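Engineer: Here you go, final-v5.txt (compact mmCIF, C-alpha atoms):
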```txt
# COMPACT_ATOMS: atom_id res chain seq x y z
CA MET A 44 120.00 113.72 82.70
CA THR A 45 116.66 112.29 81.68
CA THR A 46 114.12 114.79 80.40
CA CYS A 47 111.00 114.74 82.53
CA THR A 48 107.87 115.42 80.56
CA LEU A 49 105.22 114.12 82.94
CA THR A 50 102.73 116.21 84.83
CA ARG A 51 101.80 115.02 88.28
CA GLN A 52 98.12 115.25 87.44
CA ARG A 53 98.60 112.92 84.49
CA VAL A 54 100.42 110.43 86.72
CA ALA A 55 97.62 110.33 89.29
CA GLY A 56 94.79 110.27 86.76
CA ARG A 57 96.33 107.59 84.56
CA LEU A 58 97.21 105.24 87.41
CA ILE A 59 93.90 105.54 89.24
CA ASP A 60 92.10 104.90 85.96
CA THR A 61 93.79 101.54 85.49
CA ASP A 62 91.11 99.67 87.42
CA PRO A 63 87.70 100.91 88.61
CA ASP A 64 88.01 98.60 91.62
CA LEU A 65 91.51 99.81 92.52
CA LEU A 66 92.01 100.47 96.23
CA VAL A 67 94.00 103.67 96.66
CA VAL A 68 95.88 105.05 99.65
CA THR A 69 97.38 108.50 99.16
CA GLY A 70 100.07 110.34 101.03
CA LEU A 71 99.33 113.65 102.67
CA GLY A 72 99.62 116.93 100.80
CA GLY A 73 100.34 116.87 97.09
CA THR A 74 99.28 113.31 96.28
CA CYS A 75 96.11 113.77 98.32
CA TRP A 76 95.28 116.78 96.12
CA ASP A 77 96.29 114.94 92.93
CA ALA A 78 94.10 111.93 93.70
CA SER A 79 91.21 114.19 94.60
CA ARG A 80 91.52 116.12 91.33
CA ALA A 81 91.50 112.83 89.45
CA GLY A 82 88.00 112.32 90.88
CA ASP A 83 86.90 111.71 94.43
CA ARG A 84 86.00 108.05 94.95
CA ASP A 85 84.88 105.96 97.87
CA LEU A 86 87.74 103.50 97.44
CA THR A 87 90.42 106.14 97.94
CA TYR A 88 91.67 106.62 101.49
CA TYR A 89 93.32 110.04 101.66
CA LEU A 90 95.91 110.51 104.36
CA TRP A 91 95.82 114.02 105.80
CA GLY A 92 98.37 113.06 108.43
CA GLY A 93 100.25 109.96 109.45
CA MET A 94 103.30 111.03 107.47
CA GLY A 95 105.46 108.03 106.57
CA LEU A 96 102.64 105.52 106.92
CA ALA A 97 101.15 105.38 103.43
CA ALA A 98 103.16 102.30 102.38
CA SER A 99 102.46 100.34 105.56
CA THR A 100 98.76 101.22 105.39
CA GLY A 101 98.76 99.97 101.81
CA LEU A 102 100.50 96.81 102.96
CA GLY A 103 97.86 96.01 105.59
CA LEU A 104 95.19 96.60 102.97
CA ALA A 105 96.97 94.48 100.36
CA LEU A 106 97.35 91.56 102.77
CA SER A 107 93.69 91.79 103.75
CA ARG A 108 92.40 91.83 100.18
CA PRO A 109 94.56 89.63 97.95
CA ASP A 110 91.71 89.67 95.42
CA ARG A 111 92.09 93.42 94.78
CA ARG A 112 94.79 95.72 93.42
CA ILE A 113 96.16 98.33 95.78
CA LEU A 114 97.90 101.55 94.75
CA VAL A 115 99.78 103.69 97.24
CA LEU A 116 100.23 107.08 95.61
CA THR A 117 102.53 109.17 97.71
CA GLY A 118 105.22 111.81 97.67
CA ASP A 119 108.98 111.81 98.08
CA GLY A 120 108.94 113.45 101.50
CA GLU A 121 106.29 111.04 102.73
CA VAL A 122 108.12 107.92 101.62
CA LEU A 123 111.43 109.24 102.95
CA MET A 124 109.88 109.38 106.42
CA GLY A 125 109.04 105.66 106.28
CA LEU A 126 111.89 104.11 104.33
CA GLY A 127 111.94 101.04 106.57
CA SER A 128 108.47 100.16 105.34
CA LEU A 129 109.95 99.45 101.90
CA ALA A 130 111.96 96.62 103.46
CA THR A 131 108.81 95.47 105.24
CA VAL A 132 106.83 95.49 101.99
CA ALA A 133 109.62 93.59 100.24
CA ARG A 134 109.66 90.98 103.00
CA ALA A 135 105.88 90.54 103.03
CA ALA A 136 105.89 90.55 99.21
CA PRO A 137 102.22 91.17 98.45
CA GLY A 138 101.66 90.49 94.74
CA ASN A 139 98.81 93.00 94.53
CA LEU A 140 100.53 96.16 95.82
CA ALA A 141 102.06 99.04 93.89
CA ILE A 142 103.75 102.01 95.54
CA VAL A 143 104.18 104.99 93.26
CA VAL A 144 106.06 108.04 94.45
CA VAL A 145 105.25 111.32 92.73
CA ASP A 146 108.70 112.81 93.16
CA ASN A 147 108.85 116.59 92.86
CA GLU A 148 112.07 116.73 94.87
CA LEU A 149 110.62 119.12 97.39
CA TYR A 150 108.37 119.53 100.39
CA GLY A 151 105.43 121.24 98.72
CA GLU A 152 103.21 121.83 101.74
CA THR A 153 105.83 123.58 103.84
CA GLY A 154 107.29 126.13 101.50
CA GLY A 155 108.93 124.15 98.74
CA GLN A 156 112.13 123.25 100.55
CA ALA A 157 114.35 120.80 98.64
CA SER A 158 113.92 117.17 99.64
CA HIS A 159 116.68 114.57 99.69
CA THR A 160 115.75 113.42 96.18
CA ALA A 161 116.85 116.80 94.84
CA GLY A 162 120.34 115.56 95.68
CA ASN A 163 121.77 112.11 95.10
CA CYS A 164 119.06 110.12 96.87
CA ASP A 165 117.61 107.52 94.49
CA LEU A 166 114.34 106.18 95.88
CA ALA A 167 113.98 103.50 93.21
CA GLY A 168 117.48 102.32 94.07
CA ILE A 169 116.60 102.24 97.76
CA ALA A 170 113.44 100.24 97.07
CA ARG A 171 115.35 97.78 94.90
CA ALA A 172 118.05 97.36 97.50
CA ALA A 173 115.34 96.91 100.15
CA GLY A 174 114.19 93.90 98.17
CA ILE A 175 111.48 95.17 95.82
CA ALA A 176 112.83 93.72 92.58
CA ASP A 177 110.36 95.52 90.30
CA SER A 178 111.45 99.03 91.08
CA ARG A 179 111.58 101.63 88.34
CA THR A 180 111.76 105.31 87.52
CA VAL A 181 109.38 106.83 85.00
CA SER A 182 109.97 110.20 83.38
CA ASP A 183 107.82 110.35 80.26
CA VAL A 184 104.43 109.33 78.94
CA ALA A 185 105.67 106.11 77.34
CA GLU A 186 107.15 104.96 80.64
CA LEU A 187 103.99 106.00 82.46
CA GLU A 188 101.93 103.88 80.05
CA THR A 189 104.16 100.89 80.73
CA LEU A 190 103.75 101.45 84.47
CA ALA A 191 99.98 101.82 84.13
CA SER A 192 99.81 98.50 82.27
CA ALA A 193 101.75 96.87 85.09
CA VAL A 194 99.50 98.38 87.78
CA GLY A 195 96.45 97.23 85.84
CA ALA A 196 97.82 93.68 85.71
CA LEU A 197 98.96 93.47 89.34
CA GLY A 198 98.25 90.15 90.94
CA THR A 199 97.63 88.50 87.57
CA ALA A 200 100.16 88.96 84.77
CA VAL A 201 102.35 91.14 86.97
CA GLN A 202 103.38 90.05 90.44
CA GLY A 203 104.08 92.80 92.89
CA PRO A 204 105.17 94.39 94.94
CA LEU A 205 105.92 97.10 92.44
CA PHE A 206 107.65 100.35 93.25
CA ALA A 207 107.96 103.31 90.94
CA VAL A 208 109.21 106.85 91.11
CA ALA A 209 107.37 109.20 88.78
CA ARG A 210 109.70 112.15 88.27
CA VAL A 211 108.03 115.55 88.23
CA PRO A 212 110.81 117.82 89.51
CA GLY A 213 109.65 121.14 90.87
CA GLN A 214 105.95 120.53 90.24
CA LEU A 215 103.74 121.66 93.06
CA SER A 216 100.16 120.64 93.68
CA GLY A 217 98.07 123.03 95.70
CA PRO A 218 94.78 122.00 97.24
CA PRO A 219 91.91 121.75 94.76
CA ALA A 220 89.05 124.25 94.87
CA GLU A 221 86.88 121.50 96.28
CA LEU A 222 88.86 119.73 98.99
CA PRO A 223 88.55 115.97 99.40
CA PRO A 224 86.85 114.88 102.63
CA ARG A 225 89.22 115.37 105.56
CA ASP A 226 87.46 113.48 108.31
CA GLY A 227 89.49 110.28 108.64
CA THR A 228 86.63 108.45 110.32
CA TYR A 229 84.21 109.34 107.53
CA LEU A 230 86.77 108.26 104.92
CA LYS A 231 87.23 104.97 106.75
CA HIS A 232 83.51 104.21 106.93
CA ARG A 233 82.99 105.24 103.33
CA PHE A 234 85.83 103.03 102.16
CA ARG A 235 84.70 100.00 104.15
CA GLU A 236 81.09 100.37 103.10
CA ALA A 237 82.07 100.54 99.44
CA LEU A 238 84.52 97.64 99.70
CA ILE A 239 82.78 95.28 102.08
CA GLY A 240 79.14 96.34 102.00
CA PRO A 241 76.70 98.41 104.06
CA HIS A 242 76.34 95.65 106.66
CA ILE A 243 79.85 96.42 107.89
CA LEU A 244 78.63 99.66 109.48
CA ARG A 245 76.03 97.94 111.64
CA MET B 341 123.31 62.52 155.08
CA THR B 342 120.56 64.99 154.59
CA ALA B 343 119.17 65.59 151.17
CA PRO B 344 120.10 68.95 149.61
CA VAL B 345 117.43 71.60 149.58
CA PRO B 346 115.84 71.26 146.18
CA LEU B 347 115.93 74.21 143.82
CA PRO B 348 112.52 75.67 143.18
CA VAL B 349 111.01 74.34 140.00
CA PRO B 350 109.66 77.20 137.91
CA ALA B 351 106.06 76.75 136.86
CA PRO B 352 105.72 76.14 133.13
CA VAL B 353 105.03 79.35 131.23
CA THR B 354 101.69 78.97 129.50
CA TRP B 355 100.41 82.54 129.19
CA PRO B 356 101.78 83.06 125.64
CA ASP B 357 99.59 80.14 124.59
CA ALA B 358 96.58 81.68 126.33
CA LEU B 359 97.35 84.93 124.50
CA TYR B 360 97.58 83.14 121.17
CA ASP B 361 94.31 81.31 121.80
CA THR B 362 92.57 84.57 122.68
CA LEU B 363 93.87 86.34 119.58
CA LYS B 364 92.49 83.48 117.52
CA GLN B 365 89.21 83.62 119.41
CA VAL B 366 88.71 87.30 118.59
CA GLY B 367 89.44 86.73 114.92
CA ILE B 368 92.87 88.28 114.48
CA ASP B 369 93.92 87.91 110.83
CA GLN B 370 97.15 89.92 110.81
CA ILE B 371 99.91 90.49 113.31
CA GLY B 372 102.65 93.07 113.02
CA HIS B 373 105.67 92.76 115.24
CA VAL B 374 109.20 93.77 115.94
CA PRO B 375 110.86 90.71 117.49
CA ASP B 376 110.82 90.70 121.27
CA ALA B 377 111.98 88.05 123.72
CA GLY B 378 108.78 88.36 125.74
CA HIS B 379 106.71 87.64 122.66
CA ALA B 380 109.01 84.95 121.25
CA ARG B 381 106.69 82.02 121.91
CA LEU B 382 103.64 83.87 120.59
CA ILE B 383 105.50 84.92 117.45
CA ASP B 384 106.54 81.30 116.96
CA ARG B 385 102.93 80.12 117.29
CA CYS B 386 101.80 82.72 114.74
CA GLU B 387 104.56 81.77 112.31
CA HIS B 388 103.16 78.27 112.19
CA ASP B 389 99.56 79.43 111.73
CA PRO B 390 98.54 79.80 108.08
CA GLY B 391 95.44 81.68 109.28
CA ILE B 392 97.54 84.59 110.52
CA ALA B 393 99.55 86.88 108.26
CA LEU B 394 102.60 87.69 110.36
CA THR B 395 104.45 90.81 109.24
CA GLY B 396 107.88 91.59 110.56
CA LEU B 397 108.28 95.36 110.86
CA THR B 398 111.45 97.43 110.84
CA SER B 399 109.89 99.85 113.34
CA GLU B 400 106.74 99.67 115.42
CA GLU B 401 105.06 102.67 113.79
CA GLU B 402 104.66 100.67 110.59
CA GLY B 403 102.37 98.40 112.56
CA VAL B 404 99.91 101.23 113.15
CA GLY B 405 99.63 101.74 109.39
CA LEU B 406 99.41 97.99 108.86
CA ALA B 407 96.53 97.71 111.34
CA ALA B 408 94.66 100.63 109.78
CA GLY B 409 95.07 99.13 106.33
CA ALA B 410 93.92 95.72 107.54
CA TRP B 411 90.78 97.32 109.01
CA LEU B 412 90.07 99.19 105.77
CA GLY B 413 90.19 95.81 104.05
CA GLY B 414 87.90 94.15 106.59
CA GLN B 415 90.48 92.36 108.72
CA ARG B 416 91.60 92.60 112.32
CA ALA B 417 95.23 93.13 113.23
CA ALA B 418 97.14 93.08 116.48
CA LEU B 419 100.56 94.60 117.14
CA LEU B 420 103.20 93.03 119.33
CA MET B 421 105.88 95.28 120.69
CA GLN B 422 108.09 96.09 123.64
CA SER B 423 107.58 99.20 125.75
CA SER B 424 110.65 100.80 124.20
CA GLY B 425 109.04 100.38 120.77
CA LEU B 426 105.97 102.29 121.86
CA GLY B 427 107.98 105.48 121.62
CA ASN B 428 108.36 104.90 117.89
CA CYS B 429 104.58 104.86 117.41
CA ILE B 430 103.26 108.02 118.96
CA ASN B 431 102.69 110.14 115.87
CA ALA B 432 101.21 107.14 114.08
CA ILE B 433 98.79 106.39 116.92
CA ALA B 434 97.70 110.02 117.18
CA SER B 435 97.67 111.21 113.60
CA LEU B 436 96.48 108.05 111.87
CA ALA B 437 94.73 105.72 114.32
CA GLU B 438 93.10 108.32 116.54
CA ALA B 439 92.32 110.76 113.72
CA GLY B 440 90.46 108.01 111.85
CA GLN B 441 89.09 106.31 114.98
CA PHE B 442 90.68 103.07 113.87
CA PRO B 443 90.62 100.06 116.17
CA LEU B 444 94.14 99.37 117.41
CA LEU B 445 95.08 96.45 119.62
CA MET B 446 98.63 96.62 120.98
CA ILE B 447 100.11 93.87 123.14
CA ILE B 448 103.07 95.47 124.85
CA THR B 449 105.70 93.63 126.86
CA MET B 450 107.03 95.92 129.56
CA ARG B 451 110.66 96.57 130.35
CA GLY B 452 112.23 98.83 132.89
CA GLU B 453 109.71 98.43 135.67
CA TRP B 454 110.45 95.27 137.68
CA GLY B 455 114.01 94.27 138.51
CA GLU B 456 115.32 95.77 135.30
CA PHE B 457 119.00 95.09 134.61
CA ASN B 458 119.40 97.58 131.76
CA PRO B 459 119.02 101.25 132.68
CA TRP B 460 118.42 102.17 129.02
CA GLN B 461 115.07 100.37 129.21
CA VAL B 462 113.84 102.29 132.22
CA PRO B 463 112.83 105.68 130.77
CA LEU B 464 110.22 104.48 128.32
CA GLY B 465 109.09 101.71 130.62
CA ARG B 466 108.30 104.43 133.13
CA ALA B 467 106.71 106.75 130.56
CA ALA B 468 104.71 104.17 128.61
CA ARG B 469 101.45 104.51 130.49
CA ASP B 470 101.41 108.33 130.50
CA VAL B 471 102.30 108.43 126.82
CA LEU B 472 99.53 106.01 125.91
CA LEU B 473 96.97 107.95 127.90
CA ALA B 474 98.11 111.20 126.31
CA VAL B 475 97.30 109.87 122.84
CA ASP B 476 93.86 108.65 123.90
CA CYS B 477 94.64 104.95 124.33
CA ARG B 478 92.96 102.66 126.87
CA VAL B 479 95.49 100.86 129.04
CA LEU B 480 94.84 97.43 130.54
CA ASP B 481 97.47 95.82 132.78
CA VAL B 482 98.24 92.15 133.13
CA HIS B 483 100.11 91.15 136.28
CA ARG B 484 99.35 87.45 136.51
CA PRO B 485 99.22 84.62 133.98
CA ASP B 486 95.57 83.89 134.75
CA GLU B 487 94.63 87.44 133.68
CA VAL B 488 96.09 87.20 130.18
CA ALA B 489 93.13 85.71 128.34
CA ASP B 490 90.39 87.78 130.01
CA THR B 491 92.24 91.05 129.65
CA THR B 492 93.15 90.43 126.02
CA LEU B 493 89.56 89.53 125.25
CA ALA B 494 88.29 92.70 126.93
CA ALA B 495 90.90 94.77 125.08
CA ALA B 496 89.94 93.25 121.74
CA ARG B 497 86.28 94.06 122.32
CA LEU B 498 87.12 97.64 123.21
CA ALA B 499 89.29 97.94 120.12
CA PHE B 500 87.20 96.24 117.46
CA ASP B 501 83.65 96.68 118.74
CA SER B 502 84.06 100.18 120.18
CA SER B 503 86.75 101.52 117.80
CA GLN B 504 89.31 102.30 120.49
CA ARG B 505 93.07 102.31 120.65
CA VAL B 506 93.90 99.80 123.37
CA ALA B 507 97.19 98.72 124.92
CA VAL B 508 97.51 95.53 126.95
CA LEU B 509 100.58 95.96 129.13
CA LEU B 510 102.16 92.63 129.95
CA THR B 511 104.03 93.69 133.06
CA GLN B 512 107.62 92.72 133.64
CA ARG B 513 106.57 90.81 136.72
CA LEU B 514 104.49 88.57 134.47
CA ILE B 515 107.16 88.15 131.82
CA GLY B 516 110.11 87.82 134.15
CA THR B 517 113.20 89.94 134.29
CA LYS B 518 115.55 89.37 131.38
CA ALA B 519 118.61 87.46 132.52
CA PHE B 520 121.90 88.14 130.78
CA ARG B 521 123.82 85.36 132.43
```
Kindly transcribe the structure held in the file into structure tokens.

Structural biologist:
Amino acid sequence: MTTCTLTRQRVAGRLIDTDPDLLVVTGLGGTCWDASRAGDRDLTYYLWGGMGLAASTGLGLALSRPDRRILVLTGDGEVLMGLGSLATVARAAPGNLAIVVVDNELYGETGGQASHTAGNCDLAGIARAAGIADSRTVSDVAELETLASAVGALGTAVQGPLFAVARVPGQLSGPPAELPPRDGTYLKHRFREALIGPHILR
Amino acid sequence: MTAPVPLPVPAPVTWPDALYDTLKQVGIDQIGHVPDAGHARLIDRCEHDPGIALTGLTSEEEGVGLAAGAWLGGQRAALLMQSSGLGNCINAIASLAEAGQFPLLMIITMRGEWGEFNPWQVPLGRAARDVLLAVDCRVLDVHRPDEVADTTLAAARLAFDSSQRVAVLLTQRLIGTKAFR
């Protein structure tokens, strides 16, 4: 058994810091809180619902902006609800997309019930078998640094799609004292204005 | 000898081309689809168009995420699906597209409503309209080939200019009943 020495906050902070222009889509719950704690930013679209849709939202974004790097930062329960989208991402093969699952092996928002990854379910194996060749599991800081380098080089030295499971078994992430914005329409306008320019809102 | 009564010659089907032309006209950059016989010609046209990113989905709900992501990035997406696939999308339409007031243009081929052969297609064909209305979608019907372009254009304006979730229902009478033999 691999020793897991990562904290989920370090995972989120390190990956989002790889590129100031990174476009980020979070899952709902824990990864929404993690990304918010790493620093609220206009180019992060937090999902507060739409469970199972983080990867496909990231895919639409990645296809629309091949000039930018896209990080989907989501949880194990969220990605389990949309496993088919891993096959869709593999088939579309956007070189600029990374999907990173912060895997705490439980459903943190609903009482900490064990998720399927607490058993024999191997999400990195599923992603690889779905056709995402660069699919890895990271458990310590050295592996996180290697992953961060890859995310920072997406679309240039590293061709995506990239899938990674960051193992943080049992680690919960409650909502931060200051919640990220939760109006999806506001988040959408804010994101588009920052990415495309203020004219897009007229 | 009298000449045999000639078989009726079916009119050539051109509405998928009108649909394709309209989607191009309104600036569609991405299309998500689960393969469907009614959309086969349109899908084929899109496959040969380098200006359209055509994404094959495993399930229709992924298309709702795809369309939201495309919009975040400044592009316009359309989803092609069959009425039975609509049932896979409901949470996505409500909790992502409606919650964020994302434009969503769905072109839905209807089953189960006009001379349907397969009883398994009937329940969602019957429920499709009510379900769409319940999750705050506009519903525009197309019964005749000459309505395809106008209706799709109107739907696209509602979706992209007025940030609505819009379904164009291509009725089974338009598409033709699926023949198994």

Engineer: With all atoms listed in the file as the atoms that count, which of B:Trp411, B:Trp460, B:Phe500, B:Trp454 lies nearest to chain A?

Structural biologist: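 Counting all atoms listed in the file, the residue closest to chain A is B:Trp411.
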
Engineer: Nearest to Asp83 in chain A among A:Gly217, A:Pro137, A:Gly101, A:Gly56, with distances taken over only C-alpha atoms: which residue is it?

Structural biologist: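 Going through A:Gly217, A:Pro137, A:Gly101, A:Gly56 one by one, the smallest distance to Asp83 in chain A is for A:Gly56.
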
Engineer: Excluding Leu149 in chain A and its own-chain neighbours fewer than 2 positions away, which residues fall within 10 Å of it when counting only C-alpha atoms? Please give them as a PDB file with C-alpha atoms, in the coordinates of the input.

Structural biologist:
```
ATOM      1  CA  GLY A 118     105.220 111.810  97.670  1.00  0.00           C
ATOM      2  CA  ASP A 119     108.980 111.810  98.080  1.00  0.00           C
ATOM      3  CA  GLY A 120     108.940 113.450 101.500  1.00  0.00           C
ATOM      4  CA  ASP A 146     108.700 112.810  93.160  1.00  0.00           C
ATOM      5  CA  ASN A 147     108.850 116.590  92.860  1.00  0.00           C
ATOM      6  CA  GLY A 151     105.430 121.240  98.720  1.00  0.00           C
ATOM      7  CA  GLU A 152     103.210 121.830 101.740  1.00  0.00           C
ATOM      8  CA  THR A 153     105.830 123.580 103.840  1.00  0.00           C
ATOM      9  CA  GLY A 154     107.290 126.130 101.500  1.00  0.00           C
ATOM     10  CA  GLY A 155     108.930 124.150  98.740  1.00  0.00           C
ATOM     11  CA  GLN A 156     112.130 123.250 100.550  1.00  0.00           C
ATOM     12  CA  ALA A 157     114.350 120.800  98.640  1.00  0.00           C
ATOM     13  CA  SER A 158     113.920 117.170  99.640  1.00  0.00           C
ATOM     14  CA  HIS A 159     116.680 114.570  99.690  1.00  0.00           C
ATOM     15  CA  THR A 160     115.750 113.420  96.180  1.00  0.00           C
ATOM     16  CA  ALA A 161     116.850 116.800  94.840  1.00  0.00           C
ATOM     17  CA  PRO A 212     110.810 117.820  89.510  1.00  0.00           C
ATOM     18  CA  GLY A 213     109.650 121.140  90.870  1.00  0.00           C
ATOM     19  CA  GLN A 214     105.950 120.530  90.240  1.00  0.00           C
ATOM     20  CA  LEU A 215     103.740 121.660  93.060  1.00  0.00           C
TER      21      LEU A 215
END
```

Engineer: I'd like the neighbourhood of Gly378 in chain B as a PyMOL selection string, where a residue qualifies if any of its atoms comes within 9 Å (using only C-alpha atoms), though same-chain residues fewer than 6 positions away should be ignored.

Structural biologist: chain B and resi 356+422+449-450+510+515-516+518

Engineer: Counting all atoms listed in the file, which residues from chain B have an atom at most 6 Å from any atom of chain A, and could you show them as an mmCIF file with C-alpha atoms, keeping the file's coordinate frame?

Structural biologist:
```cif
data_model
loop_
_atom_site.group_PDB
_atom_site.id
_atom_site.type_symbol
_atom_site.label_atom_id
_atom_site.label_comp_id
_atom_site.auth_asym_id
_atom_site.auth_seq_id
_atom_site.Cartn_x
_atom_site.Cartn_y
_atom_site.Cartn_z
ATOM 1 C CA LEU B 397 108.280 95.360 110.860
ATOM 2 C CA THR B 398 111.450 97.430 110.840
ATOM 3 C CA GLU B 402 104.660 100.670 110.590
ATOM 4 C CA GLY B 405 99.630 101.740 109.390
ATOM 5 C CA LEU B 406 99.410 97.990 108.860
ATOM 6 C CA GLY B 409 95.070 99.130 106.330
ATOM 7 C CA ALA B 410 93.920 95.720 107.540
ATOM 8 C CA LEU B 412 90.070 99.190 105.770
ATOM 9 C CA GLY B 413 90.190 95.810 104.050
ATOM 10 C CA GLN B 415 90.480 92.360 108.720
ATOM 11 C CA ALA B 432 101.210 107.140 114.080
ATOM 12 C CA SER B 435 97.670 111.210 113.600
ATOM 13 C CA LEU B 436 96.480 108.050 111.870
ATOM 14 C CA ALA B 439 92.320 110.760 113.720
ATOM 15 C CA GLY B 440 90.460 108.010 111.850
ATOM 16 C CA GLN B 441 89.090 106.310 114.980
#
```

Engineer: Between B:Asn458, B:Ser423, B:Gln512, B:Ser399, single out the one closest to Met124 in chain A, counting only C-alpha atoms.

Structural biologist: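 Answer, going by the shortest atom-to-atom distance: B:Ser399.
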
Engineer: My list of candidates is B:Ala351, B:Leu394, B:Leu445, B:Leu426. Which is closest to Ser502 in chain B when distances are computed with only C-alpha atoms?

Structural biologist: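 Of B:Ala351, B:Leu394, B:Leu445, B:Leu426, the one nearest Ser502 in chain B is B:Leu445, counting only C-alpha atoms.
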
Engineer: Excluding Leu498 in chain B and residues on its chain fewer than 5 positions from it, collect all residues at most 9 Å away from it, counting all atoms listed in the file, and give them as a list in words.

Structural biologist: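 Final neighbour list, sorted by chain and number: Pro443, Leu445, Arg478, Leu493, Ser503, Gln504, Arg505 and Val506 of chain B.
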
Engineer: How far is it from CA of Leu244 in chain A to CA of Thr117 in chain A, in Å with one decimal?

Structural biologist: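 Straight-line distance from CA of Leu244 in chain A to CA of Thr117 in chain A works out to 28.3 Å.
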
Engineer: For a quick check of understanding, using all atoms listed in the file, which of A:Val184, A:Val201, A:Phe206, A:Ala141 has the smallest distance to Gly168 in chain A?

Structural biologist: A:Phe206

Engineer: What does the structure give for the distance between CA of Ser424 in chain B and CA of Gly465 in chain B, in Å to one decimal?

Structural biologist: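 Distance reported for this atom pair: 6.7 Å.
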
Engineer: Put a box with edges along x, y and z around all the listed atoms of range 73-82 of chain A, pad it by 5 Å on each side, then give me its centre and sizes in Å, one decimal, as lines of an AutoDock Vina configuration file.

Structural biologist:
```
center_x = 94.2
center_y = 114.4
center_z = 93.9
size_x = 22.3
size_y = 14.9
size_z = 18.9
```

Engineer: Which residues, written as a list in words, have at least one atom at most 8 Å from Gly198 in chain A, with all atoms listed in the file counted and residues fewer than 2 positions away on the same chain left out?

Structural biologist: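 Once the adjacent positions are removed, what remains is Pro109, Asp110, Arg111, Arg112, Gly138, Asn139, Ala196, Ala200, Val201, Gln202 and Gly203 of chain A.
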
Engineer: Give me a file of those residues, with C-alpha atoms, as a short mmCIF file (atom, residue, chain, number, x, y, z; two decimals), keeping the file's coordinate frame.

Structural biologist:
```
data_model
loop_
_atom_site.label_atom_id
_atom_site.label_comp_id
_atom_site.auth_asym_id
_atom_site.auth_seq_id
_atom_site.Cartn_x
_atom_site.Cartn_y
_atom_site.Cartn_z
CA PRO A 109 94.56 89.63 97.95
CA ASP A 110 91.71 89.67 95.42
CA ARG A 111 92.09 93.42 94.78
CA ARG A 112 94.79 95.72 93.42
CA GLY A 138 101.66 90.49 94.74
CA ASN A 139 98.81 93.00 94.53
CA ALA A 196 97.82 93.68 85.71
CA ALA A 200 100.16 88.96 84.77
CA VAL A 201 102.35 91.14 86.97
CA GLN A 202 103.38 90.05 90.44
CA GLY A 203 104.08 92.80 92.89
#
```

Engineer: Ranking B:Ala408, B:Cys429, B:Val479, B:Asp357 by minimum distance to Leu382 in chain B and counting all atoms listed in the file, which one comes first?

Structural biologist: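 That would be B:Asp357, the residue with the smallest distance to Leu382 in chain B.
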
Engineer: Expressed in Å to a single decimal, how great is the separation between CA of Ala136 in chain A and CA of Val122 in chain A?

Structural biologist: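 So the answer is 17.7 Å.
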
Engineer: Could you name the residues that touch range 359-365 of chain B at 8 Å or less, counting only C-alpha atoms, but leaving out those on the same chain fewer than 4 positions away, as an MDAnalysis selection string?

Structural biologist: chainID B and resid 355 382 385:386 488:489 492:493
